[in-house]
file input.cif (mmCIF, C-alpha atoms)
data_my_file
#
loop_
_atom_site.label_atom_id
_atom_site.label_comp_id
_atom_site.auth_asym_id
_atom_site.auth_seq_id
_atom_site.Cartn_x
_atom_site.Cartn_y
_atom_site.Cartn_z
CA MET A 1 0.92 -13.24 -77.81
CA TYR A 2 -0.22 -11.97 -74.42
CA SER A 3 -2.74 -9.61 -76.01
CA LEU A 4 -4.32 -12.62 -77.72
CA LEU A 5 -4.35 -14.58 -74.46
CA PHE A 6 -5.95 -11.62 -72.72
CA ARG A 7 -8.71 -11.31 -75.31
CA LEU A 8 -9.43 -15.03 -75.54
CA LEU A 9 -9.09 -15.99 -71.86
CA PHE A 10 -8.64 -13.32 -69.23
CA GLN A 11 -11.07 -10.77 -70.67
CA ARG A 12 -13.83 -13.40 -70.63
CA MET A 13 -13.21 -14.24 -66.98
CA ASP A 14 -14.26 -12.46 -63.82
CA PRO A 15 -11.36 -10.05 -63.15
CA GLU A 16 -10.71 -11.29 -59.62
CA ARG A 17 -10.71 -14.91 -60.76
CA ALA A 18 -8.34 -14.02 -63.61
CA HIS A 19 -6.07 -12.29 -61.12
CA HIS A 20 -5.89 -15.37 -58.90
CA LEU A 21 -5.23 -17.60 -61.92
CA ALA A 22 -2.36 -15.49 -63.21
CA PHE A 23 -1.07 -14.95 -59.69
CA GLY A 24 -0.96 -18.71 -59.18
CA TRP A 25 1.03 -19.24 -62.36
CA ILE A 26 3.56 -16.61 -61.30
CA ARG A 27 3.98 -18.15 -57.85
CA ARG A 28 4.39 -21.66 -59.23
CA ALA A 29 6.96 -20.59 -61.82
CA ALA A 30 9.00 -18.85 -59.11
CA ARG A 31 9.21 -22.11 -57.15
CA VAL A 32 10.97 -24.00 -59.96
CA PRO A 33 14.73 -23.19 -59.87
CA GLY A 34 15.59 -23.67 -63.55
CA LEU A 35 12.39 -22.13 -64.81
CA ARG A 36 12.56 -19.03 -62.62
CA THR A 37 16.17 -18.42 -63.66
CA PHE A 38 15.22 -18.64 -67.32
CA VAL A 39 12.16 -16.41 -66.92
CA ALA A 40 14.16 -13.79 -65.03
CA ALA A 41 16.88 -13.83 -67.68
CA VAL A 42 14.29 -13.16 -70.39
CA LEU A 43 11.97 -10.76 -68.60
CA ALA A 44 14.26 -9.01 -66.13
CA PRO A 45 17.58 -8.15 -67.82
CA ARG A 46 19.38 -5.53 -65.76
CA HIS A 47 20.53 -2.16 -67.07
CA LYS A 48 23.41 -0.74 -65.05
CA ALA A 49 22.47 2.79 -66.07
CA LEU A 50 19.13 2.43 -64.29
CA ARG A 51 20.52 1.59 -60.87
CA THR A 52 18.69 3.69 -58.32
CA GLU A 53 19.07 4.71 -54.71
CA ALA A 54 16.07 5.84 -52.70
CA PHE A 55 15.85 6.52 -48.94
CA GLY A 56 19.20 4.80 -48.51
CA LEU A 57 18.18 1.64 -50.40
CA ARG A 58 19.89 0.49 -53.57
CA MET A 59 17.71 -0.98 -56.30
CA HIS A 60 18.31 -2.42 -59.78
CA GLY A 61 16.09 0.29 -61.21
CA PRO A 62 13.28 2.71 -60.41
CA PHE A 63 10.26 0.68 -61.51
CA GLY A 64 8.29 -1.20 -58.87
CA LEU A 65 5.02 -3.00 -58.30
CA ALA A 66 2.42 -0.88 -56.53
CA ALA A 67 0.55 -2.18 -53.50
CA GLY A 68 -2.63 -4.11 -54.16
CA PHE A 69 -1.36 -6.89 -56.39
CA ASP A 70 0.46 -8.98 -53.77
CA LYS A 71 -1.66 -8.23 -50.72
CA ASN A 72 -0.31 -11.02 -48.51
CA ALA A 73 3.38 -11.23 -49.45
CA THR A 74 3.02 -14.56 -51.25
CA ALA A 75 4.67 -13.72 -54.59
CA ILE A 76 7.55 -11.34 -53.94
CA ASP A 77 10.07 -13.49 -55.78
CA GLY A 78 7.59 -14.15 -58.57
CA MET A 79 7.08 -10.44 -59.21
CA THR A 80 10.82 -9.81 -59.00
CA MET A 81 11.27 -12.62 -61.53
CA LEU A 82 9.05 -10.63 -63.90
CA GLY A 83 11.31 -7.60 -63.58
CA PHE A 84 9.92 -5.32 -60.89
CA ASP A 85 12.75 -3.50 -59.13
CA HIS A 86 10.86 -3.29 -55.87
CA VAL A 87 7.67 -4.93 -54.65
CA GLU A 88 5.24 -3.18 -52.33
CA ILE A 89 3.04 -5.71 -50.58
CA GLY A 90 -0.31 -5.03 -48.94
CA THR A 91 -2.33 -3.19 -48.03
CA VAL A 92 -2.07 -5.10 -44.73
CA THR A 93 -4.36 -4.28 -41.82
CA GLY A 94 -3.98 -4.84 -38.09
CA GLN A 95 -6.60 -7.60 -38.17
CA PRO A 96 -7.37 -10.10 -40.93
CA GLN A 97 -10.41 -9.23 -43.00
CA PRO A 98 -12.21 -10.66 -46.06
CA GLY A 99 -12.74 -7.32 -47.76
CA ASN A 100 -15.91 -6.15 -49.40
CA PRO A 101 -18.49 -8.50 -50.92
CA LYS A 102 -17.85 -9.74 -54.44
CA LYS A 103 -18.12 -8.65 -57.25
CA ARG A 104 -15.55 -6.00 -56.39
CA LEU A 105 -13.07 -5.75 -59.28
CA PHE A 106 -14.00 -4.49 -62.74
CA ARG A 107 -12.19 -3.77 -66.00
CA LEU A 108 -12.74 -0.75 -68.21
CA VAL A 109 -10.98 -2.31 -71.19
CA ALA A 110 -11.58 0.59 -73.57
CA ASP A 111 -9.85 2.85 -71.06
CA ARG A 112 -7.15 0.40 -69.99
CA ALA A 113 -8.39 0.96 -66.46
CA LEU A 114 -9.68 -0.89 -63.42
CA VAL A 115 -12.27 -0.09 -60.81
CA ASN A 116 -11.88 -1.87 -57.48
CA ARG A 117 -13.64 -1.85 -54.15
CA MET A 118 -11.67 -4.73 -52.70
CA GLY A 119 -11.69 -3.27 -49.18
CA PHE A 120 -8.23 -4.32 -47.98
CA ASN A 121 -8.85 -8.06 -48.10
CA ASN A 122 -5.78 -9.58 -46.44
CA ASP A 123 -4.53 -12.09 -43.87
CA GLY A 124 -3.74 -9.50 -41.20
CA SER A 125 -0.46 -8.10 -39.92
CA ALA A 126 0.50 -11.03 -37.68
CA VAL A 127 0.13 -13.67 -40.41
CA VAL A 128 1.86 -11.55 -43.05
CA ALA A 129 4.69 -10.85 -40.61
CA GLU A 130 5.18 -14.57 -40.04
CA ARG A 131 5.23 -15.13 -43.79
CA LEU A 132 7.84 -12.43 -44.34
CA ALA A 133 9.95 -13.76 -41.48
CA ALA A 134 9.91 -17.25 -42.97
CA ARG A 135 10.63 -16.11 -46.53
CA LYS A 136 13.81 -17.45 -48.10
CA GLU A 137 14.83 -14.86 -50.66
CA VAL A 138 15.41 -16.19 -54.17
CA PHE A 139 15.89 -12.86 -55.96
CA ARG A 140 17.30 -9.82 -54.20
CA THR A 141 14.75 -7.06 -54.15
CA THR A 142 13.41 -4.21 -52.07
CA VAL A 143 10.20 -5.01 -50.20
CA GLY A 144 7.87 -2.23 -49.18
CA VAL A 145 5.06 -2.91 -46.71
CA ASN A 146 1.87 -0.90 -47.10
CA ILE A 147 -0.38 -0.72 -44.02
CA GLY A 148 -3.96 0.47 -43.65
CA LYS A 149 -6.83 0.62 -41.18
CA THR A 150 -8.92 -2.41 -40.28
CA LYS A 151 -12.48 -1.73 -41.39
CA ILE A 152 -14.17 -2.57 -38.07
CA VAL A 153 -11.81 -0.35 -36.09
CA PRO A 154 -13.43 3.02 -35.31
CA GLU A 155 -11.77 6.08 -36.75
CA ASP A 156 -10.81 7.33 -33.28
CA GLU A 157 -8.89 4.09 -32.69
CA ALA A 158 -7.10 4.12 -36.05
CA VAL A 159 -3.73 5.16 -34.61
CA ALA A 160 -3.56 2.11 -32.36
CA ASP A 161 -4.52 -0.12 -35.29
CA TYR A 162 -1.70 1.25 -37.46
CA VAL A 163 0.71 0.89 -34.53
CA THR A 164 -0.25 -2.78 -34.22
CA SER A 165 0.62 -3.36 -37.86
CA THR A 166 3.84 -1.39 -37.51
CA GLU A 167 4.98 -3.43 -34.52
CA CYS A 168 4.31 -6.65 -36.44
CA LEU A 169 5.72 -5.66 -39.82
CA ALA A 170 8.39 -2.96 -39.48
CA ALA A 171 11.20 -5.44 -38.90
CA HIS A 172 10.42 -7.12 -42.23
CA ALA A 173 10.01 -3.95 -44.28
CA ASP A 174 12.71 -2.28 -46.33
CA TYR A 175 10.33 0.66 -46.22
CA LEU A 176 6.92 1.20 -44.64
CA VAL A 177 3.94 2.99 -46.21
CA VAL A 178 1.00 4.47 -44.33
CA ASN A 179 -2.01 4.20 -46.62
CA VAL A 180 -4.67 6.78 -45.79
CA SER A 181 -5.97 7.17 -49.32
CA SER A 182 -7.96 4.11 -50.36
CA PRO A 183 -11.60 5.01 -51.05
CA ASN A 184 -12.83 1.56 -50.06
CA THR A 185 -12.56 1.72 -46.27
CA PRO A 186 -15.15 4.06 -44.70
CA GLY A 187 -13.56 7.08 -43.07
CA LEU A 188 -10.01 6.24 -44.16
CA ARG A 189 -9.50 9.29 -46.32
CA ASN A 190 -10.46 11.50 -43.40
CA LEU A 191 -7.05 10.59 -41.98
CA GLN A 192 -5.38 12.62 -44.76
CA ALA A 193 -6.37 15.82 -42.98
CA THR A 194 -3.22 17.10 -41.31
CA GLU A 195 -4.80 17.32 -37.86
CA ALA A 196 -5.45 13.55 -38.05
CA LEU A 197 -2.39 12.64 -40.09
CA ARG A 198 0.17 14.26 -37.79
CA PRO A 199 -0.52 12.08 -34.71
CA LEU A 200 -0.90 9.00 -36.91
CA LEU A 201 2.45 9.39 -38.66
CA THR A 202 4.14 10.37 -35.42
CA ALA A 203 2.85 7.23 -33.69
CA VAL A 204 3.88 4.98 -36.58
CA ARG A 205 7.36 6.54 -36.65
CA GLU A 206 7.77 6.00 -32.91
CA ALA A 207 6.50 2.41 -33.16
CA ALA A 208 8.89 1.61 -36.00
CA ASP A 209 11.84 3.07 -34.10
CA ARG A 210 10.83 1.22 -30.95
CA THR A 211 10.41 -2.08 -32.79
CA VAL A 212 13.50 -1.92 -35.00
CA THR A 213 16.54 -0.57 -33.19
CA THR A 214 19.29 -1.72 -35.57
CA ARG A 215 18.29 0.51 -38.50
CA ARG A 216 15.89 3.28 -39.41
CA VAL A 217 12.92 1.96 -41.36
CA PRO A 218 12.02 4.54 -44.05
CA LEU A 219 8.46 5.81 -43.63
CA LEU A 220 6.26 7.05 -46.48
CA VAL A 221 2.65 8.17 -46.81
CA LYS A 222 0.40 7.42 -49.79
CA ILE A 223 -2.09 10.10 -50.78
CA ALA A 224 -5.14 10.32 -53.02
CA PRO A 225 -5.37 12.16 -56.34
CA ASP A 226 -8.65 13.66 -55.19
CA LEU A 227 -7.06 15.96 -52.62
CA ALA A 228 -7.49 19.66 -53.29
CA ASP A 229 -4.25 21.41 -54.23
CA GLU A 230 -4.05 23.19 -50.87
CA ASP A 231 -4.38 19.82 -49.11
CA VAL A 232 -1.56 18.39 -51.23
CA ASP A 233 0.55 21.33 -50.09
CA ALA A 234 -0.45 20.71 -46.47
CA VAL A 235 0.61 17.05 -46.67
CA ALA A 236 3.90 18.07 -48.26
CA ASP A 237 4.58 20.58 -45.48
CA LEU A 238 3.67 18.02 -42.83
CA ALA A 239 6.00 15.45 -44.39
CA LEU A 240 8.85 17.94 -44.17
CA GLU A 241 7.95 18.85 -40.60
CA LEU A 242 7.89 15.21 -39.46
CA GLY A 243 10.95 14.15 -41.44
CA LEU A 244 9.16 11.56 -43.54
CA ASP A 245 11.25 9.70 -46.07
CA GLY A 246 8.79 9.81 -48.93
CA ILE A 247 5.36 10.45 -50.39
CA ILE A 248 3.60 8.15 -52.86
CA ALA A 249 1.44 9.99 -55.37
CA THR A 250 -1.14 8.74 -55.99
CA ASN A 251 -3.72 6.13 -55.02
CA THR A 252 -6.89 5.45 -57.03
CA THR A 253 -9.54 8.09 -57.72
CA ILE A 254 -13.23 8.25 -56.88
CA ALA A 255 -13.74 10.65 -59.78
CA ARG A 256 -15.52 9.56 -62.95
CA ASP A 257 -16.15 12.86 -64.71
CA GLY A 258 -13.38 14.78 -66.41
CA LEU A 259 -11.28 11.68 -67.08
CA GLY A 260 -12.18 11.30 -70.75
CA LEU A 261 -13.54 7.81 -70.24
CA LYS A 262 -14.36 5.85 -73.40
CA THR A 263 -16.40 3.26 -71.53
CA PRO A 264 -20.13 4.13 -71.81
CA LYS A 265 -21.36 6.19 -68.89
CA ARG A 266 -24.15 3.73 -68.11
CA THR A 267 -21.57 0.93 -67.79
CA VAL A 268 -19.45 2.99 -65.41
CA GLU A 269 -22.51 3.90 -63.36
CA ALA A 270 -23.59 0.25 -63.20
CA ILE A 271 -20.19 -0.70 -61.76
CA GLY A 272 -20.75 1.71 -58.90
CA ALA A 273 -18.38 2.84 -56.19
CA GLY A 274 -14.69 2.06 -56.04
CA GLY A 275 -11.26 3.41 -56.84
CA LEU A 276 -10.44 3.90 -60.50
CA SER A 277 -6.88 3.22 -61.60
CA GLY A 278 -5.06 3.01 -64.90
CA ALA A 279 -4.63 5.31 -67.88
CA PRO A 280 -7.41 7.81 -67.01
CA LEU A 281 -5.58 8.67 -63.79
CA LYS A 282 -2.40 9.68 -65.62
CA ALA A 283 -2.91 13.43 -65.85
CA ARG A 284 -4.06 14.07 -62.28
CA SER A 285 -1.44 11.86 -60.65
CA LEU A 286 1.23 13.71 -62.63
CA GLU A 287 -0.23 17.04 -61.48
CA VAL A 288 -0.07 15.96 -57.85
CA LEU A 289 3.48 14.69 -58.24
CA SER A 290 4.60 17.93 -59.88
CA ARG A 291 2.97 19.99 -57.15
CA LEU A 292 4.66 17.92 -54.46
CA TYR A 293 8.07 18.32 -56.07
CA ALA A 294 7.58 22.07 -56.34
CA ARG A 295 6.91 22.06 -52.59
CA VAL A 296 9.52 19.61 -51.27
CA GLY A 297 12.18 19.45 -53.99
CA ASP A 298 14.87 16.91 -53.24
CA ARG A 299 14.28 16.91 -49.50
CA ILE A 300 11.83 14.01 -49.67
CA THR A 301 11.76 11.03 -52.02
CA LEU A 302 8.69 11.02 -54.26
CA VAL A 303 7.18 7.91 -55.79
CA GLY A 304 5.04 8.39 -58.90
CA VAL A 305 2.18 5.98 -59.49
CA GLY A 306 -1.12 6.20 -61.34
CA GLY A 307 -1.64 5.68 -65.07
CA ILE A 308 1.90 4.60 -65.88
CA GLU A 309 1.77 2.40 -68.97
CA THR A 310 4.88 3.11 -71.04
CA ALA A 311 8.51 4.09 -70.68
CA ASP A 312 7.48 7.60 -71.76
CA ASP A 313 5.07 7.75 -68.81
CA ALA A 314 7.75 6.57 -66.39
CA TRP A 315 10.33 8.98 -67.81
CA GLU A 316 7.86 11.86 -67.53
CA ARG A 317 7.35 11.08 -63.82
CA ILE A 318 11.09 11.00 -63.24
CA LEU A 319 11.55 14.36 -64.94
CA ALA A 320 8.66 15.68 -62.83
CA GLY A 321 10.39 14.68 -59.59
CA ALA A 322 9.84 10.97 -58.95
CA THR A 323 12.85 8.96 -57.86
CA LEU A 324 10.77 5.79 -58.06
CA VAL A 325 7.78 4.90 -60.20
CA GLN A 326 5.24 2.14 -59.70
CA GLY A 327 2.63 0.39 -61.76
CA TYR A 328 -0.14 -2.15 -61.41
CA SER A 329 -3.17 -1.71 -63.67
CA ALA A 330 -1.23 -1.66 -66.95
CA PHE A 331 0.33 -5.01 -65.99
CA ILE A 332 -3.11 -6.55 -66.45
CA TYR A 333 -3.24 -5.27 -70.02
CA GLU A 334 0.44 -5.50 -70.98
CA GLY A 335 1.39 -8.85 -69.50
CA PRO A 336 4.72 -10.36 -68.46
CA PHE A 337 6.93 -8.41 -70.89
CA TRP A 338 5.81 -5.08 -69.45
CA CYS A 339 8.76 -4.52 -67.10
CA ARG A 340 11.23 -5.46 -69.82
CA LYS A 341 9.73 -2.82 -72.14
CA ILE A 342 9.72 -0.19 -69.42
CA HIS A 343 13.35 -0.81 -68.51
CA ARG A 344 14.57 -0.87 -72.10
CA GLY A 345 12.68 2.31 -72.89
CA LEU A 346 13.99 4.10 -69.81
CA ALA A 347 17.57 3.11 -70.62
CA GLU A 348 17.14 4.44 -74.16
CA ARG A 349 15.65 7.71 -72.97
CA LEU A 350 18.39 8.21 -70.40
CA ALA A 351 21.08 7.51 -73.00
CA ALA A 352 19.52 10.07 -75.37
CA SER A 353 19.16 12.69 -72.62
CA PRO A 354 21.70 15.23 -71.34
CA TYR A 355 21.72 13.48 -67.94
CA ALA A 356 24.50 11.12 -66.93
CA THR A 357 22.35 9.28 -64.36
CA LEU A 358 18.71 8.82 -63.48
CA ALA A 359 19.35 10.77 -60.30
CA GLU A 360 20.31 13.80 -62.39
CA ALA A 361 17.07 13.47 -64.36
CA VAL A 362 14.84 13.50 -61.27
CA GLY A 363 12.96 16.80 -61.23
CA ALA A 364 14.76 18.15 -64.30
CA ALA A 365 11.56 19.36 -65.94
CA ALA A 366 10.64 21.35 -62.85
CA ARG A 367 14.09 22.88 -62.60
CA GLU A 368 14.04 23.89 -66.25
CA THR A 369 10.64 25.52 -65.77
CA THR A 370 11.88 27.68 -62.90
CA ALA A 371 15.31 28.44 -64.40
#

call {"tool": "encode", "arguments": {"input": "input.cif", "output": "structure tokens"}}
result
Amino acid sequence: MYSLLFRLLFQRMDPERAHHLAFGWIRRAARVPGLRTFVAAVLAPRHKALRTEAFGLRMHGPFGLAAGFDKNATAIDGMTMLGFDHVEIGTVTGQPQPGNPKKRLFRLVADRALVNRMGFNNDGSAVVAERLAARKEVFRTTVGVNIGKTKIVPEDEAVADYVTSTECLAAHADYLVVNVSSPNTPGLRNLQATEALRPLLTAVREAADRTVTTRRVPLLVKIAPDLADEDVDAVADLALELGLDGIIATNTTIARDGLGLKTPKRTVEAIGAGGLSGAPLKARSLEVLSRLYARVGDRITLVGVGGIETADDAWERILAGATLVQGYSAFIYEGPFWCRKIHRGLAERLAASPYATLAEAVGAAARETTA
């Protein structure tokens, strides 16, 4: 039914307008007590076998919503109602900003992909912090907060900008993510270089510890799939050195060649710059994840994201070393039953595997390769 609705309605609409329409429906449904309970019962049945623990947090399962969908923390309960085991909000910047000029979101339907150059449009860290503080939780879930650099802030003042967001948001985050990998903020990806990343992560860690004294807020970094292999290794080594809690692999890609795109080249070129997400990213994001696991093993929690569409994709990431997996783009194409299918498929694959728990399955493919 959703595929028909997508073809007849959403596919004919501007992608950003369609996003706001669907987002509004989700938020409204989550406000109605009887309706949200019914929807959650249908779309988010729990599987005890999938219970997951990551950086000291217990979750119903490993499958979460990647940052970018709920930028301003306005639909956490709505997305949990649909079955996501954790919700990562943001990216949030130190100052509010409108993002890049429209049109800035595009579908590559033949590739089940998206291209976006949104530019971190969000309400800013202070407003989002107030919203999180005022939130009355309907469904228990894990909330990650993804922070990035304000566009107008010079690169040499980026650390202070991230610290501002950390001081506002750390108290409301179950975990905190430093995003240095979006291609849509000029100069942001330069911060992935270890000489820039080390002082940034150190400052964010200190700000989080200074702001929240009753617990340790887990800190993760999100990296791009376009990093050279030696740079992936460098980030992994830095994460170990600094005692980070996790790495998210990966963000969107600026690549267009070598992805096997079915969309005509002239159409892709006409769309222009932006980060590409969805199915074409699957192979490279898996490569980066596998390389990270080979480097860090079980010492750091890895989160696999990029091109995850099916339970097979999610299971493959878990076997490659991901404790958690995230999705976003495929939700646009799969619709509200997506999480249900992922969870059911994962439970079936775990039951058919030699592993008693998901935790045992994490990194199993890498261990078998080196055995």

call {"tool": "atom_distance", "arguments": {"input": "input.cif", "atom1": "CA of Arg295 in chain A", "atom2": "CA of Val178 in chain A"}}
result
20.3 Å

call {"tool": "resolve_selection", "arguments": {"input": "input.cif", "expression": "the PyMOL selection byres ((chain A and resi 348-361) around 9)", "output": "list in words"}}
result
Ala49, Leu50, Arg51, Thr52, Glu53, Pro62, Ala311, Asp312, Trp315, Ile318, Leu319, Ala320, Gly321, Thr323, His343, Arg344, Gly345, Leu346, Ala347, Val362, Gly363, Ala364 and Ala365 of chain A

call {"tool": "closest_residue", "arguments": {"input": "input.cif", "among": "A:Arg107, A:Arg284, A:His60, A:Arg205", "to": "Ala228 in chain A", "atoms": "only C-alpha atoms"}}
result
A:Arg284

call {"tool": "resolve_selection", "arguments": {"input": "input.cif", "expression": "the PyMOL selection byres ((chain A and resi 189-193) around 12)", "output": "ChimeraX atom specification"}}
result
/A:148-149,154-159,162,178-188,194-201,221-228,230-236,238-239,251-254

call {"tool": "atom_distance", "arguments": {"input": "input.cif", "atom1": "CA of Gly56 in chain A", "atom2": "CA of Arg216 in chain A"}}
result
9.8 Å

call {"tool": "closest_residue", "arguments": {"input": "input.cif", "among": "A:Gln326, A:Thr211, A:Thr267, A:Ser290", "to": "Phe84 in chain A", "atoms": "all atoms listed in the file"}}
result
A:Gln326

call {"tool": "closest_residue", "arguments": {"input": "input.cif", "among": "A:Leu114, A:Leu5, A:Leu302, A:Leu108", "to": "Ser329 in chain A", "atoms": "all atoms listed in the file"}}
result
A:Leu114

call {"tool": "resolve_selection", "arguments": {"input": "input.cif", "expression": "the PyMOL selection byres ((chain A and resi 169) around 9)", "output": "VMD selection string"}}
result
chain A and resid 125 to 126 128 to 130 132 145 147 164 to 168 170 to 173 176 208

call {"tool": "atom_distance", "arguments": {"input": "input.cif", "atom1": "CA of Met118 in chain A", "atom2": "CA of Thr93 in chain A"}}
result
13.1 Å

call {"tool": "residues_around", "arguments": {"input": "input.cif", "residues": "Ile271 in chain A", "least_positions_apart": "6", "cutoff": "9 Å", "atoms": "all atoms listed in the file", "output": "VMD selection string"}}
result
chain A and resid 104 106 115

call {"tool": "residues_around", "arguments": {"input": "input.cif", "residues": "range 18-34 of chain A", "least_positions_apart": "6", "cutoff": "7 Å", "atoms": "only C-alpha atoms", "output": "CSV table (one decimal) with C-alpha atoms, in the coordinates of the input"}}
result
chain,number,residue,atom,x,y,z
A,10,PHE,CA,-8.6,-13.3,-69.2
A,75,ALA,CA,4.7,-13.7,-54.6
A,77,ASP,CA,10.1,-13.5,-55.8
A,78,GLY,CA,7.6,-14.2,-58.6

call {"tool": "closest_residue", "arguments": {"input": "input.cif", "among": "A:Gly278, A:Gly335, A:Gly119, A:Gly144", "to": "Glu309 in chain A", "atoms": "all atoms listed in the file"}}
result
A:Gly278

call {"tool": "axis_aligned_box", "arguments": {"input": "input.cif", "around": "range 355-366 of chain A", "padding_each_side": "4 Å", "output": "JSON"}}
result
{"center_x": 17.6, "center_y": 15.1, "center_z": -64.1, "size_x": 21.9, "size_y": 20.5, "size_z": 15.6}

call {"tool": "closest_residue", "arguments": {"input": "input.cif", "among": "A:Ala73, A:Val87, A:Ala44, A:Leu286", "to": "Tyr328 in chain A", "atoms": "only C-alpha atoms"}}
result
A:Val87

call {"tool": "closest_residue", "arguments": {"input": "input.cif", "among": "A:Ala113, A:Val138, A:Ala40, A:Ile332", "to": "Gly307 in chain A", "atoms": "all atoms listed in the file"}}
result
A:Ala113

call {"tool": "residues_around", "arguments": {"input": "input.cif", "residues": "range 259-264 of chain A", "least_positions_apart": "4", "cutoff": "6 Å", "atoms": "all atoms listed in the file", "output": "list in words"}}
result
Ala110, Asp111 and Pro280 of chain A

call {"tool": "decode", "arguments": {"input": "input.cif", "residues": "range 22-28 of chain A", "atoms": "all heavy atoms", "output": "CSV table (one decimal), in the first residue's frame"}}
result
chain,number,residue,atom,x,y,z
A,22,ALA,N,4.9,14.1,5.6
A,22,ALA,CA,4.9,12.9,6.3
A,22,ALA,C,5.3,13.1,7.8
A,22,ALA,O,4.8,12.4,8.7
A,22,ALA,CB,5.9,11.9,5.6
A,23,PHE,N,6.3,14.0,8.0
A,23,PHE,CA,6.7,14.3,9.3
A,23,PHE,C,5.6,14.8,10.2
A,23,PHE,O,5.5,14.4,11.3
A,23,PHE,CB,7.9,15.3,9.2
A,23,PHE,CG,8.7,15.4,10.4
A,23,PHE,CD1,9.5,14.3,10.8
A,23,PHE,CD2,8.9,16.6,11.1
A,23,PHE,CE1,10.3,14.4,11.9
A,23,PHE,CE2,9.7,16.7,12.2
A,23,PHE,CZ,10.4,15.6,12.6
A,24,GLY,N,4.8,15.6,9.6
A,24,GLY,CA,3.6,16.2,10.3
A,24,GLY,C,2.6,15.1,10.7
A,24,GLY,O,2.1,15.1,11.8
A,25,TRP,N,2.4,14.2,9.8
A,25,TRP,CA,1.5,13.1,10.1
A,25,TRP,C,2.0,12.2,11.3
A,25,TRP,O,1.2,11.8,12.2
A,25,TRP,CB,1.3,12.2,8.9
A,25,TRP,CG,0.5,12.8,7.8
A,25,TRP,CD1,-0.3,13.9,7.8
A,25,TRP,CD2,0.4,12.3,6.4
A,25,TRP,NE1,-0.8,14.1,6.6
A,25,TRP,CE2,-0.4,13.2,5.7
A,25,TRP,CE3,1.0,11.2,5.7
A,25,TRP,CZ2,-0.8,13.0,4.4
A,25,TRP,CZ3,0.7,11.0,4.4
A,25,TRP,CH2,-0.2,11.9,3.7
A,26,ILE,N,3.3,11.9,11.3
A,26,ILE,CA,3.9,11.1,12.3
A,26,ILE,C,3.8,11.9,13.7
A,26,ILE,O,3.4,11.3,14.7
A,26,ILE,CB,5.4,10.9,12.0
A,26,ILE,CG1,5.5,10.0,10.8
A,26,ILE,CG2,6.1,10.2,13.2
A,26,ILE,CD1,6.9,9.9,10.2
A,27,ARG,N,4.1,13.1,13.7
A,27,ARG,CA,4.0,13.9,14.9
A,27,ARG,C,2.6,14.0,15.4
A,27,ARG,O,2.3,13.8,16.7
A,27,ARG,CB,4.5,15.3,14.7
A,27,ARG,CG,6.0,15.4,14.4
A,27,ARG,CD,6.4,16.8,14.0
A,27,ARG,NE,6.1,17.8,14.9
A,27,ARG,CZ,6.2,19.1,14.7
A,27,ARG,NH1,6.5,19.5,13.5
A,27,ARG,NH2,5.9,20.0,15.6
A,28,ARG,N,1.6,14.2,14.6
A,28,ARG,CA,0.2,14.3,15.0
A,28,ARG,C,-0.3,12.9,15.5
A,28,ARG,O,-1.0,12.9,16.6
A,28,ARG,CB,-0.7,14.7,13.9
A,28,ARG,CG,-0.6,16.2,13.6
A,28,ARG,CD,-1.6,16.7,12.6
A,28,ARG,NE,-1.3,16.3,11.2
A,28,ARG,CZ,-0.5,17.0,10.4
A,28,ARG,NH1,0.0,18.1,10.8
A,28,ARG,NH2,-0.3,16.5,9.2
